[in-house]
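Novice: You'll find protein-v4.csv just under this line, and it carries CSV, C-alpha atoms and all ligand atoms.
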chain,number,residue,atom,x,y,z
A,633,MET,CA,0.0,0.0,0.0
A,634,GLN,CA,1.2,3.5,-0.8
A,635,LYS,CA,2.2,5.5,2.2
A,636,GLU,CA,0.4,8.8,2.9
A,637,ARG,CA,2.4,11.8,2.0
A,638,VAL,CA,3.5,14.4,4.5
A,639,LEU,CA,5.0,17.9,4.1
A,640,SER,CA,5.9,20.5,6.6
A,641,GLY,CA,8.2,23.5,6.7
A,642,ILE,CA,10.1,25.8,9.0
A,643,ARG,CA,11.6,29.3,8.4
A,644,PRO,CA,15.3,29.8,8.9
A,645,THR,CA,14.7,33.1,10.8
A,646,GLY,CA,16.2,32.2,14.2
A,647,PHE,CA,16.9,29.4,16.6
A,648,VAL,CA,14.5,26.5,16.9
A,649,HIS,CA,12.4,27.0,20.1
A,650,LEU,CA,10.2,24.7,22.1
A,651,GLY,CA,7.0,25.8,20.2
A,652,ASN,CA,8.6,24.7,17.0
A,653,TYR,CA,9.7,21.5,18.6
A,654,PHE,CA,6.5,20.4,20.3
A,655,GLY,CA,4.2,22.0,17.7
A,656,ALA,CA,5.9,20.5,14.7
A,657,VAL,CA,9.4,18.9,14.8
A,658,ARG,CA,8.8,16.1,17.2
A,659,ASN,CA,5.8,15.0,15.0
A,660,TRP,CA,8.1,15.0,12.0
A,661,ALA,CA,10.6,12.8,13.7
A,662,LYS,CA,7.9,10.3,14.6
A,663,MET,CA,6.1,10.5,11.2
A,664,GLN,CA,9.2,9.7,9.1
A,665,GLU,CA,8.9,6.1,10.4
A,666,GLU,CA,5.4,5.6,8.9
A,667,PHE,CA,4.7,8.2,6.2
A,668,ASP,CA,6.3,9.4,3.0
A,669,CYS,CA,7.8,12.6,4.5
A,670,TYR,CA,9.1,15.8,3.0
A,671,PHE,CA,10.5,18.5,5.3
A,672,CYS,CA,11.5,21.8,4.0
A,673,VAL,CA,13.6,24.8,5.3
A,674,VAL,CA,11.6,27.6,3.7
A,675,ASP,CA,14.3,30.2,3.0
A,676,TRP,CA,12.1,32.1,0.4
A,677,HIS,CA,9.5,32.6,3.1
A,678,SER,CA,12.0,34.2,5.4
A,679,LEU,CA,12.8,36.9,2.9
A,680,THR,CA,9.4,38.4,3.5
A,681,THR,CA,10.5,39.5,7.0
A,682,HIS,CA,14.2,39.1,6.9
A,683,PRO,CA,15.4,40.7,3.6
A,684,ASP,CA,19.1,40.9,4.8
A,685,THR,CA,20.6,37.6,3.7
A,686,LYS,CA,24.1,38.0,5.3
A,687,GLU,CA,23.3,35.4,7.9
A,688,LEU,CA,20.9,33.2,5.9
A,689,LYS,CA,23.4,30.5,5.0
A,690,ASP,CA,24.5,30.0,8.6
A,691,ASN,CA,20.9,30.0,9.7
A,692,VAL,CA,20.0,27.4,7.2
A,693,HIS,CA,22.9,25.2,8.2
A,694,ARG,CA,22.2,25.6,11.9
A,695,LEU,CA,18.5,24.9,11.4
A,696,LEU,CA,19.3,21.7,9.4
A,697,ALA,CA,21.6,20.6,12.2
A,698,GLU,CA,18.9,21.3,14.9
A,699,LEU,CA,16.3,19.3,12.9
A,700,ILE,CA,18.7,16.4,12.5
A,701,ALA,CA,19.6,16.6,16.2
A,702,SER,CA,15.9,16.6,17.0
A,703,GLY,CA,15.5,13.2,15.3
A,704,LEU,CA,15.1,13.8,11.6
A,705,ASP,CA,17.0,11.2,9.6
A,706,PRO,CA,17.8,12.4,6.0
A,707,GLU,CA,17.7,8.7,5.0
A,708,LYS,CA,14.1,8.3,6.2
A,709,CYS,CA,12.6,11.6,5.1
A,710,VAL,CA,13.4,14.1,2.3
A,711,LEU,CA,15.0,17.0,4.1
A,712,TYR,CA,15.6,19.9,1.7
A,713,VAL,CA,15.9,23.7,1.2
A,714,GLN,CA,13.0,25.4,-0.5
A,715,SER,CA,15.1,27.5,-2.9
A,716,ASP,CA,16.7,24.3,-4.2
A,717,VAL,CA,13.3,23.4,-5.8
A,718,PRO,CA,12.4,25.9,-8.5
A,719,GLU,CA,9.3,23.9,-9.3
A,720,ILE,CA,7.7,25.4,-6.1
A,721,ALA,CA,8.1,28.9,-7.6
A,722,GLU,CA,6.3,27.9,-10.8
A,723,LEU,CA,3.4,26.3,-8.9
A,724,TYR,CA,3.3,29.5,-6.7
A,725,LEU,CA,2.8,31.5,-9.9
A,726,TYR,CA,-0.2,29.4,-11.0
A,727,LEU,CA,-1.8,29.3,-7.5
A,728,ASN,CA,-1.5,33.1,-7.3
A,729,THR,CA,-4.1,33.3,-10.0
A,730,MET,CA,-6.4,31.4,-7.6
A,731,ALA,CA,-5.9,33.6,-4.6
A,732,TYR,CA,-7.9,36.7,-4.1
A,733,GLN,CA,-6.7,40.0,-2.6
A,734,GLY,CA,-9.5,40.3,-0.1
A,735,GLU,CA,-8.9,36.9,1.6
A,736,LEU,CA,-5.1,37.4,1.6
A,737,GLU,CA,-5.6,40.7,3.3
A,738,ARG,CA,-7.8,39.1,5.9
A,739,THR,CA,-5.2,36.5,6.9
A,740,VAL,CA,-4.3,36.7,10.5
A,741,THR,CA,-0.5,36.3,10.0
A,742,PHE,CA,-0.6,39.1,7.3
A,743,LYS,CA,-2.4,41.5,9.6
A,744,ASP,CA,0.1,40.7,12.4
A,745,LYS,CA,3.0,41.4,10.0
A,746,VAL,CA,1.5,44.7,8.8
A,747,ARG,CA,1.5,45.8,12.5
A,748,GLN,CA,5.0,44.5,13.1
A,749,GLN,CA,6.7,45.9,10.0
A,750,PRO,CA,4.6,48.8,8.6
A,751,ASP,CA,7.5,50.0,6.5
A,752,ASN,CA,7.9,46.7,4.6
A,753,VAL,CA,4.4,45.5,3.6
A,754,ASN,CA,5.7,43.7,0.6
A,755,ALA,CA,3.8,41.6,-1.9
A,756,GLY,CA,5.6,38.5,-0.7
A,757,LEU,CA,4.0,39.0,2.7
A,758,LEU,CA,0.6,39.3,1.2
A,759,THR,CA,1.0,36.1,-0.9
A,760,TYR,CA,2.9,34.2,1.8
A,761,PRO,CA,0.1,31.6,2.2
A,762,VAL,CA,0.1,31.0,-1.5
A,763,LEU,CA,3.8,30.1,-1.4
A,764,GLN,CA,3.1,27.9,1.6
A,765,ALA,CA,0.3,26.2,-0.5
A,766,ALA,CA,2.8,25.6,-3.3
A,767,ASP,CA,5.2,24.0,-0.8
A,768,ILE,CA,2.5,21.5,0.2
A,769,LEU,CA,0.8,20.9,-3.1
A,770,ILE,CA,4.0,20.4,-5.1
A,771,HIS,CA,4.3,17.0,-3.4
A,772,ARG,CA,0.5,16.4,-3.3
A,773,ALA,CA,0.8,15.9,0.4
A,774,THR,CA,-2.2,15.0,2.5
A,775,ASN,CA,-0.9,15.6,6.1
A,776,VAL,CA,0.7,18.7,7.3
A,777,PRO,CA,2.1,18.5,10.8
A,778,VAL,CA,2.1,22.0,12.2
A,779,GLY,CA,1.3,24.0,15.3
A,780,LYS,CA,-2.0,25.8,15.9
A,781,ASP,CA,-0.8,29.1,14.4
A,782,GLN,CA,-0.6,27.5,10.9
A,783,GLU,CA,-4.2,26.3,10.8
A,784,GLN,CA,-5.5,29.1,8.7
A,785,HIS,CA,-2.7,28.7,6.1
A,786,ILE,CA,-3.6,25.1,5.7
A,787,GLU,CA,-7.2,25.9,5.3
A,788,MET,CA,-6.2,28.4,2.5
A,789,THR,CA,-4.1,25.7,0.9
A,790,ARG,CA,-7.2,23.5,0.7
A,791,ASN,CA,-9.1,26.3,-0.9
A,792,TYR,CA,-6.5,26.8,-3.6
A,793,ALA,CA,-6.3,23.0,-4.2
A,794,GLU,CA,-10.1,22.9,-4.6
A,795,ARG,CA,-10.2,25.8,-6.9
A,796,PHE,CA,-7.4,24.4,-9.1
A,797,ASN,CA,-9.1,21.0,-9.2
A,798,HIS,CA,-12.4,22.6,-10.1
A,799,ARG,CA,-10.9,24.7,-12.9
A,800,TYR,CA,-8.3,22.3,-14.4
A,801,GLY,CA,-9.0,18.8,-13.2
A,802,GLU,CA,-8.4,16.7,-10.1
A,803,ILE,CA,-4.7,16.9,-9.5
A,804,PHE,CA,-4.4,17.7,-5.8
A,805,PRO,CA,-5.6,15.8,-2.7
A,806,LEU,CA,-6.9,18.2,0.0
A,807,PRO,CA,-4.4,18.4,2.8
A,808,LYS,CA,-5.1,18.8,6.5
A,809,ALA,CA,-3.3,20.2,9.5
A,810,PHE,CA,-2.1,17.3,11.7
A,811,ASN,CA,-0.8,16.5,15.1
A,812,TYR,CA,0.5,13.0,15.5
A,813,TYR,CA,0.2,13.1,19.3
A,814,GLY,CA,-3.5,14.1,19.6
A,815,ASP,CA,-6.5,15.6,18.0
A,816,GLU,CA,-5.7,19.2,18.9
A,817,LEU,CA,-3.0,21.2,17.3
A,818,ILE,CA,-0.4,22.4,19.8
A,819,LYS,CA,0.2,26.0,20.9
A,820,ILE,CA,3.0,26.6,23.3
A,821,MET,CA,2.7,30.0,25.0
A,822,SER,CA,5.5,32.4,25.8
A,823,LEU,CA,6.8,32.0,29.4
A,824,SER,CA,5.4,35.4,30.2
A,825,GLY,CA,2.0,34.1,29.4
A,826,GLU,CA,1.4,36.6,26.6
A,827,GLY,CA,1.0,35.2,23.2
A,828,LYS,CA,2.6,32.2,21.6
A,829,MET,CA,6.3,31.3,22.1
A,830,SER,CA,8.0,32.7,19.0
A,831,LYS,CA,11.4,33.4,17.4
A,832,SER,CA,10.8,37.1,17.6
A,833,GLU,CA,9.4,37.2,21.2
A,834,ASN,CA,11.5,38.5,24.1
A,835,GLN,CA,14.3,36.0,24.2
A,836,MET,CA,13.9,35.4,28.0
A,837,ASN,CA,10.3,34.2,27.4
A,838,THR,CA,11.3,31.7,24.8
A,839,LEU,CA,13.2,28.4,25.3
A,840,TYR,CA,15.5,27.7,22.4
A,841,LEU,CA,17.0,24.3,21.8
A,842,ALA,CA,20.4,26.0,21.8
A,843,ASP,CA,20.1,27.5,25.3
A,844,ASP,CA,22.6,26.2,27.8
A,845,ASP,CA,21.5,24.4,31.0
A,846,GLU,CA,21.8,27.5,33.2
A,847,LEU,CA,19.8,29.7,30.9
A,848,VAL,CA,17.0,27.1,30.7
A,849,ARG,CA,16.8,26.9,34.5
A,850,THR,CA,16.8,30.7,34.7
A,851,LYS,CA,14.2,31.2,32.1
A,852,ILE,CA,11.8,28.7,33.7
A,853,LYS,CA,12.5,30.2,37.1
A,854,LYS,CA,11.3,33.6,35.8
A,855,ALA,CA,8.2,32.2,34.1
A,856,ARG,CA,5.0,33.9,35.1
A,857,THR,CA,3.1,32.4,38.1
A,858,ASP,CA,0.9,33.8,40.8
A,859,SER,CA,0.1,33.2,44.5
A,860,GLY,CA,-1.8,30.0,43.6
A,861,PRO,CA,-5.4,28.9,43.6
A,862,THR,CA,-7.6,29.6,46.6
A,863,GLU,CA,-10.5,27.3,45.7
A,864,LEU,CA,-10.3,23.6,45.2
A,865,ASN,CA,-10.2,22.3,41.6
A,866,SER,CA,-10.1,25.8,40.1
A,867,PRO,CA,-9.5,26.3,36.4
A,868,LYS,CA,-5.9,27.1,35.6
A,869,PRO,CA,-5.0,30.6,34.2
A,870,ASP,CA,-3.4,30.3,30.7
A,871,TYR,CA,0.2,30.9,31.9
A,872,ILE,CA,-0.2,28.2,34.6
A,873,GLU,CA,-1.7,25.8,32.1
A,874,ASN,CA,1.3,26.5,29.8
A,875,LEU,CA,3.7,25.4,32.6
A,876,PHE,CA,1.6,22.2,33.0
A,877,THR,CA,1.7,21.7,29.3
A,878,LEU,CA,5.5,21.8,29.4
A,879,ILE,CA,5.8,19.6,32.5
A,880,ARG,CA,3.5,17.0,30.8
A,881,LEU,CA,5.8,17.0,27.8
A,882,VAL,CA,9.1,16.4,29.6
A,883,SER,CA,8.5,15.0,33.1
A,884,SER,CA,7.3,11.6,34.2
A,885,PRO,CA,3.6,10.9,34.8
A,886,ASP,CA,4.0,10.6,38.6
A,887,VAL,CA,5.6,14.1,38.8
A,888,VAL,CA,2.8,15.6,36.7
A,889,GLN,CA,0.2,13.9,38.9
A,890,ARG,CA,1.8,15.2,42.1
A,891,PHE,CA,1.7,18.8,40.9
A,892,GLU,CA,-1.8,18.5,39.4
A,893,ALA,CA,-3.0,17.2,42.8
A,894,ASP,CA,-1.2,20.0,44.6
A,895,PHE,CA,-2.8,22.5,42.3
A,896,ASN,CA,-6.3,21.0,42.8
A,897,ASN,CA,-5.8,21.0,46.6
A,898,CYS,CA,-4.5,24.6,46.6
A,899,VAL,CA,-1.2,23.6,48.1
A,900,ILE,CA,1.0,24.0,45.0
A,901,ARG,CA,4.4,25.6,45.4
A,902,TYR,CA,5.2,27.0,42.0
A,903,GLY,CA,8.9,27.5,43.0
A,904,ASP,CA,9.1,23.7,43.5
A,905,MET,CA,7.3,23.0,40.3
A,906,LYS,CA,9.5,25.3,38.2
A,907,LYS,CA,12.6,23.8,39.8
A,908,GLN,CA,11.5,20.3,38.8
A,909,LEU,CA,10.5,21.5,35.3
A,910,GLY,CA,13.8,23.2,34.9
A,911,GLU,CA,15.8,20.0,35.7
A,912,ASP,CA,13.6,17.8,33.5
A,913,MET,CA,13.8,20.3,30.7
A,914,VAL,CA,17.6,20.4,30.9
A,915,LYS,CA,17.7,16.6,30.8
A,916,PHE,CA,15.4,16.7,27.7
A,917,MET,CA,17.1,19.6,25.8
A,918,SER,CA,20.8,19.2,26.5
A,919,PRO,CA,21.4,16.1,24.4
A,920,ILE,CA,19.7,17.8,21.4
A,921,ARG,CA,21.8,20.9,21.8
A,922,GLU,CA,25.1,19.0,22.0
A,923,LYS,CA,24.2,16.9,19.0
A,924,ALA,CA,23.2,20.0,17.0
A,925,LEU,CA,26.5,21.7,17.8
A,926,ALA,CA,28.5,18.8,16.5
A,927,ILE,CA,26.4,18.5,13.3
A,928,GLN,CA,26.5,22.2,12.6
A,929,HIS,CA,30.2,22.2,12.3
A,930,ASP,CA,30.3,19.3,9.9
A,931,LYS,CA,29.8,21.2,6.7
A,932,THR,CA,30.7,18.3,4.4
A,933,TYR,CA,27.9,16.2,5.9
A,934,LEU,CA,25.5,19.1,5.7
A,935,SER,CA,26.1,19.8,2.1
A,936,LYS,CA,25.6,16.1,1.4
A,937,VAL,CA,22.3,16.2,3.2
A,938,ILE,CA,21.3,19.3,1.2
A,939,GLN,CA,22.3,17.8,-2.1
A,940,HIS,CA,20.5,14.4,-1.4
A,941,GLY,CA,17.3,16.3,-0.3
A,942,ARG,CA,17.4,18.5,-3.4
A,943,GLU,CA,17.5,15.5,-5.8
A,944,LYS,CA,14.6,13.7,-4.1
A,945,ALA,CA,12.5,16.8,-3.6
A,946,ARG,CA,12.9,17.9,-7.3
A,947,ALA,CA,12.0,14.4,-8.5
A,948,SER,CA,8.7,14.5,-6.7
A,949,ALA,CA,8.1,18.2,-7.5
A,950,GLY,CA,8.8,17.6,-11.2
A,951,GLU,CA,6.2,14.8,-11.4
A,952,THR,CA,3.5,17.1,-9.9
A,953,LEU,CA,4.4,20.0,-12.2
A,954,LYS,CA,4.1,17.7,-15.2
A,955,LEU,CA,0.6,16.8,-14.2
A,956,VAL,CA,-0.2,20.5,-13.5
A,957,ARG,CA,1.0,21.6,-16.9
A,958,GLU,CA,-0.9,18.9,-18.6
A,959,ALA,CA,-4.0,19.7,-16.8
A,960,MET,CA,-3.7,23.4,-17.7
A,961,GLY,CA,-2.7,22.7,-21.2
A,962,ILE,CA,0.7,24.4,-20.7
A,963,ASN,CA,2.6,21.6,-22.6
A,964,TYR,CA,3.3,22.7,-26.1
B,1,LIG,P1,7.5,28.6,11.6
B,1,LIG,O1,8.9,28.6,11.0
B,1,LIG,O2,7.0,29.9,12.3
B,1,LIG,O3,7.3,27.5,12.6
B,1,LIG,C1,7.6,26.1,12.3
B,1,LIG,C2,6.6,25.2,13.0
B,1,LIG,O4,6.6,25.4,14.4
B,1,LIG,C3,5.2,25.6,14.8
B,1,LIG,N1,5.2,26.6,15.9
B,1,LIG,C4,4.5,26.4,17.1
B,1,LIG,N2,3.8,25.4,17.5
B,1,LIG,C5,3.3,25.5,18.7
B,1,LIG,N3,3.4,26.5,19.6
B,1,LIG,C6,4.2,27.6,19.2
B,1,LIG,N4,4.4,28.6,20.0
B,1,LIG,C7,4.8,27.5,17.9
B,1,LIG,N5,5.5,28.4,17.2
B,1,LIG,C8,5.8,27.8,16.0
B,1,LIG,C9,4.5,26.2,13.6
B,1,LIG,O5,3.1,26.0,13.7
B,1,LIG,C10,5.2,25.4,12.5
B,1,LIG,O6,4.5,24.2,12.3
B,1,LIG,N6,4.5,29.3,7.6
B,1,LIG,C11,5.3,28.3,8.4
B,1,LIG,C12,6.4,27.7,7.5
B,1,LIG,C13,5.9,27.0,6.3
B,1,LIG,C14,5.2,25.8,6.2
B,1,LIG,C15,5.1,25.5,4.9
B,1,LIG,C16,4.6,24.9,7.2
B,1,LIG,C17,6.2,27.3,5.0
B,1,LIG,N7,5.7,26.4,4.2
B,1,LIG,C18,4.4,24.3,4.4
B,1,LIG,C19,3.9,23.8,6.8
B,1,LIG,C20,3.8,23.5,5.4
B,1,LIG,C21,6.0,29.1,9.5
B,1,LIG,O7,6.1,30.2,9.5
B,1,LIG,O8,6.5,28.2,10.5
Represent the supplied structure as structure tokens.
Specialist:
Amino acid sequence: MQKERVLSGIRPTGFVHLGNYFGAVRNWAKMQEEFDCYFCVVDWHSLTTHPDTKELKDNVHRLLAELIASGLDPEKCVLYVQSDVPEIAELYLYLNTMAYQGELERTVTFKDKVRQQPDNVNAGLLTYPVLQAADILIHRATNVPVGKDQEQHIEMTRNYAERFNHRYGEIFPLPKAFNYYGDELIKIMSLSGEGKMSKSENQMNTLYLADDDELVRTKIKKARTDSGPTELNSPKPDYIENLFTLIRLVSSPDVVQRFEADFNNCVIRYGDMKKQLGEDMVKFMSPIREKALAIQHDKTYLSKVIQHGREKARASAGETLKLVREAMGINY
């Protein structure tokens, strides 16, 4: 039986953080065992917000190293760089004719970026979701493992695929956002409790895979808490729920149960909880960091990975583009 196809991507705009890891990358590492997986470092997307390319090459190399250290195996999945696959740009062009100005302007991520960078509202930002759709559809992927913040983009991808199929013939399956570990997509909040953890957030509120042990402990120690619940079995405020989300991800079930019970009985000591979380997080993160550092300096290995990924990704992309051109009658 043919394996289902998976595609996901990540921007090389900064260090990988725990939101990226738990929202997406740990899914990828798991899914490569069962699915036909394509994972892409989306350097073209990063130009919409980071036009200065001086550090781009180093960022792409470091990101690849961090992905491999997080468990991606370039022999089990196709790991490649977006700009190595020009077929994506061609499909982007066709899909742009299926995307309407009004809906692009209403996209949440676009509106956020307009607020964040009012002096650089470029057309690439506006059509960002179309390029993302091209990333996904170029491999005719059906599952897209992403965090909660990407849900709207995947919905838009489905719309473009439907419009294309309707206009030119059934070429694309309709992809869906996916979390291997549960029904809900993941959202890791910033340690301050305000908004999602992100590459551009205040660095003290974001845990990066590259952070050293002391920094991880310090950041968790400073995470927002309060004086604790005063009524039995109270609902948890968002920022406390986020600490519980993190402790569930890295600590053992008995530790989690103990703090859950303490919370429900109004005897929780957040200092103790954060100490425990800090230690368990360090145990979880430090092997990934060490491995990433070693890989990052092995430029020969990294260029082999890039070359290998490029060949496999272009082969798959070329097949789709052939079907697309035939369907559109662009095959003279
Ligand atoms: P990017 O680079 O911002 O993030 C990569 C992945 O990490 C997830 N993520 C989070 N998940 C949970 N909690 C958080 N705080 C958090 N922050 C980030 C994101 O949901 C994403 O899965 N547009 C995409 C990149 C992209 C893409 C694609 C993704 C381009 N083409 C095709 C999927 C398919 C982005 O900016 O991801």
Novice: If the limit is 6 Å from any atom of ligand LIG 1 (chain B), counting only C-alpha atoms and all ligand atoms, which residues qualify? Return them as a PDB file with C-alpha atoms, in the coordinates of the input.
Specialist:
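Result went into selection39.pdb, see below:
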ATOM      1  CA  LEU A 639       5.000  17.900   4.100  1.00  0.00           C
ATOM      2  CA  SER A 640       5.900  20.500   6.600  1.00  0.00           C
ATOM      3  CA  GLY A 641       8.200  23.500   6.700  1.00  0.00           C
ATOM      4  CA  ILE A 642      10.100  25.800   9.000  1.00  0.00           C
ATOM      5  CA  ARG A 643      11.600  29.300   8.400  1.00  0.00           C
ATOM      6  CA  GLY A 651       7.000  25.800  20.200  1.00  0.00           C
ATOM      7  CA  ASN A 652       8.600  24.700  17.000  1.00  0.00           C
ATOM      8  CA  GLY A 655       4.200  22.000  17.700  1.00  0.00           C
ATOM      9  CA  ALA A 656       5.900  20.500  14.700  1.00  0.00           C
ATOM     10  CA  VAL A 674      11.600  27.600   3.700  1.00  0.00           C
ATOM     11  CA  GLN A 764       3.100  27.900   1.600  1.00  0.00           C
ATOM     12  CA  ASP A 767       5.200  24.000  -0.800  1.00  0.00           C
ATOM     13  CA  ILE A 768       2.500  21.500   0.200  1.00  0.00           C
ATOM     14  CA  VAL A 778       2.100  22.000  12.200  1.00  0.00           C
ATOM     15  CA  GLY A 779       1.300  24.000  15.300  1.00  0.00           C
ATOM     16  CA  LYS A 780      -2.000  25.800  15.900  1.00  0.00           C
ATOM     17  CA  ASP A 781      -0.800  29.100  14.400  1.00  0.00           C
ATOM     18  CA  GLN A 782      -0.600  27.500  10.900  1.00  0.00           C
ATOM     19  CA  ILE A 818      -0.400  22.400  19.800  1.00  0.00           C
ATOM     20  CA  LYS A 819       0.200  26.000  20.900  1.00  0.00           C
ATOM     21  CA  ILE A 820       3.000  26.600  23.300  1.00  0.00           C
ATOM     22  CA  MET A 821       2.700  30.000  25.000  1.00  0.00           C
ATOM     23  CA  LYS A 828       2.600  32.200  21.600  1.00  0.00           C
ATOM     24  CA  MET A 829       6.300  31.300  22.100  1.00  0.00           C
ATOM     25  CA  SER A 830       8.000  32.700  19.000  1.00  0.00           C
TER      26      SER A 830
END
Novice: Provide the atom CA of A:Ile803 to atom CA of A:Glu951 distance in Å, to one decimal place.
Specialist: 11.3 Å
Novice: Show me, as a tab-separated table, the residues of stretch 693-785 of chain A having an atom within 12 Å of stretch 840-858 of chain A, each with the closest atom pair and its distance in Å, using all atoms listed in the file.
Specialist:
residue	atom	partner	partner_atom	distance
A:Arg694	CA	A:Ala842	CA	10.1
A:Leu695	CA	A:Leu841	CA	10.5
A:Ala697	CA	A:Ala842	CA	11.1
A:Glu698	CA	A:Leu841	CA	7.8
A:Leu699	CA	A:Leu841	CA	10.2
A:Ala701	CA	A:Leu841	CA	9.9
A:Ser702	CA	A:Leu841	CA	9.1
Novice: Just the number, please: distance in Å from atom CA of A:Gly703 to atom CA of A:Asn659, one decimal.
Specialist: 9.9 Å
Novice: May I ask which of the residues A:Thr681, A:Lys708, A:Ile872, A:Phe810 is the closest one to A:Gln748, counting all atoms listed in the file?
Specialist: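 The shortest atom-to-atom distance to A:Gln748 comes from A:Thr681.
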Novice: Name the residues in contact with A:Asp894 at a cut-off of 12 Å, using only C-alpha atoms, excluding same-chain residues fewer than 6 positions from it; report them as an MDAnalysis selection string.
Specialist: chainID A and resid 860:866 887:888 900:902 904:905
Novice: Please, what distance in Å, to one decimal, runs between atom CA of A:Gln784 and atom CA of A:Gln733?
Specialist: 15.7 Å
Novice: Choose the residue, out of A:Thr838, A:Gln714, A:Gln908, A:Asn811, that has the smallest atom-to-atom separation from A:Leu650; count all atoms listed in the file.
Specialist: A:Thr838
Novice: Would you fill the gaps in stretch 717-728 of chain A so it has N, CA and C atoms, then print it as a short mmCIF file (atom, residue, chain, number, x, y, z; two decimals), in the coordinates of the input?
Specialist:
data_model
loop_
_atom_site.label_atom_id
_atom_site.label_comp_id
_atom_site.auth_asym_id
_atom_site.auth_seq_id
_atom_site.Cartn_x
_atom_site.Cartn_y
_atom_site.Cartn_z
N VAL A 717 14.38 24.03 -5.01
CA VAL A 717 13.30 23.40 -5.80
C VAL A 717 12.55 24.44 -6.58
N PRO A 718 13.05 24.84 -7.76
CA PRO A 718 12.40 25.90 -8.50
C PRO A 718 10.97 25.59 -8.92
N GLU A 719 10.64 24.29 -8.96
CA GLU A 719 9.30 23.90 -9.30
C GLU A 719 8.25 24.53 -8.37
N ILE A 720 8.68 24.78 -7.12
CA ILE A 720 7.70 25.40 -6.10
C ILE A 720 7.36 26.79 -6.64
N ALA A 721 8.36 27.53 -7.17
CA ALA A 721 8.10 28.90 -7.60
C ALA A 721 7.10 28.90 -8.79
N GLU A 722 7.23 27.91 -9.66
CA GLU A 722 6.30 27.90 -10.80
C GLU A 722 4.87 27.58 -10.32
N LEU A 723 4.75 26.63 -9.40
CA LEU A 723 3.40 26.30 -8.90
C LEU A 723 2.82 27.54 -8.15
N TYR A 724 3.68 28.23 -7.42
CA TYR A 724 3.30 29.50 -6.70
C TYR A 724 2.65 30.45 -7.69
N LEU A 725 3.29 30.57 -8.85
CA LEU A 725 2.80 31.50 -9.90
C LEU A 725 1.35 31.09 -10.30
N TYR A 726 1.15 29.81 -10.57
CA TYR A 726 -0.20 29.40 -11.00
C TYR A 726 -1.22 29.58 -9.87
N LEU A 727 -0.80 29.24 -8.64
CA LEU A 727 -1.80 29.30 -7.50
C LEU A 727 -2.10 30.79 -7.22
N ASN A 728 -1.17 31.69 -7.52
CA ASN A 728 -1.50 33.10 -7.30
C ASN A 728 -2.68 33.58 -8.07
#
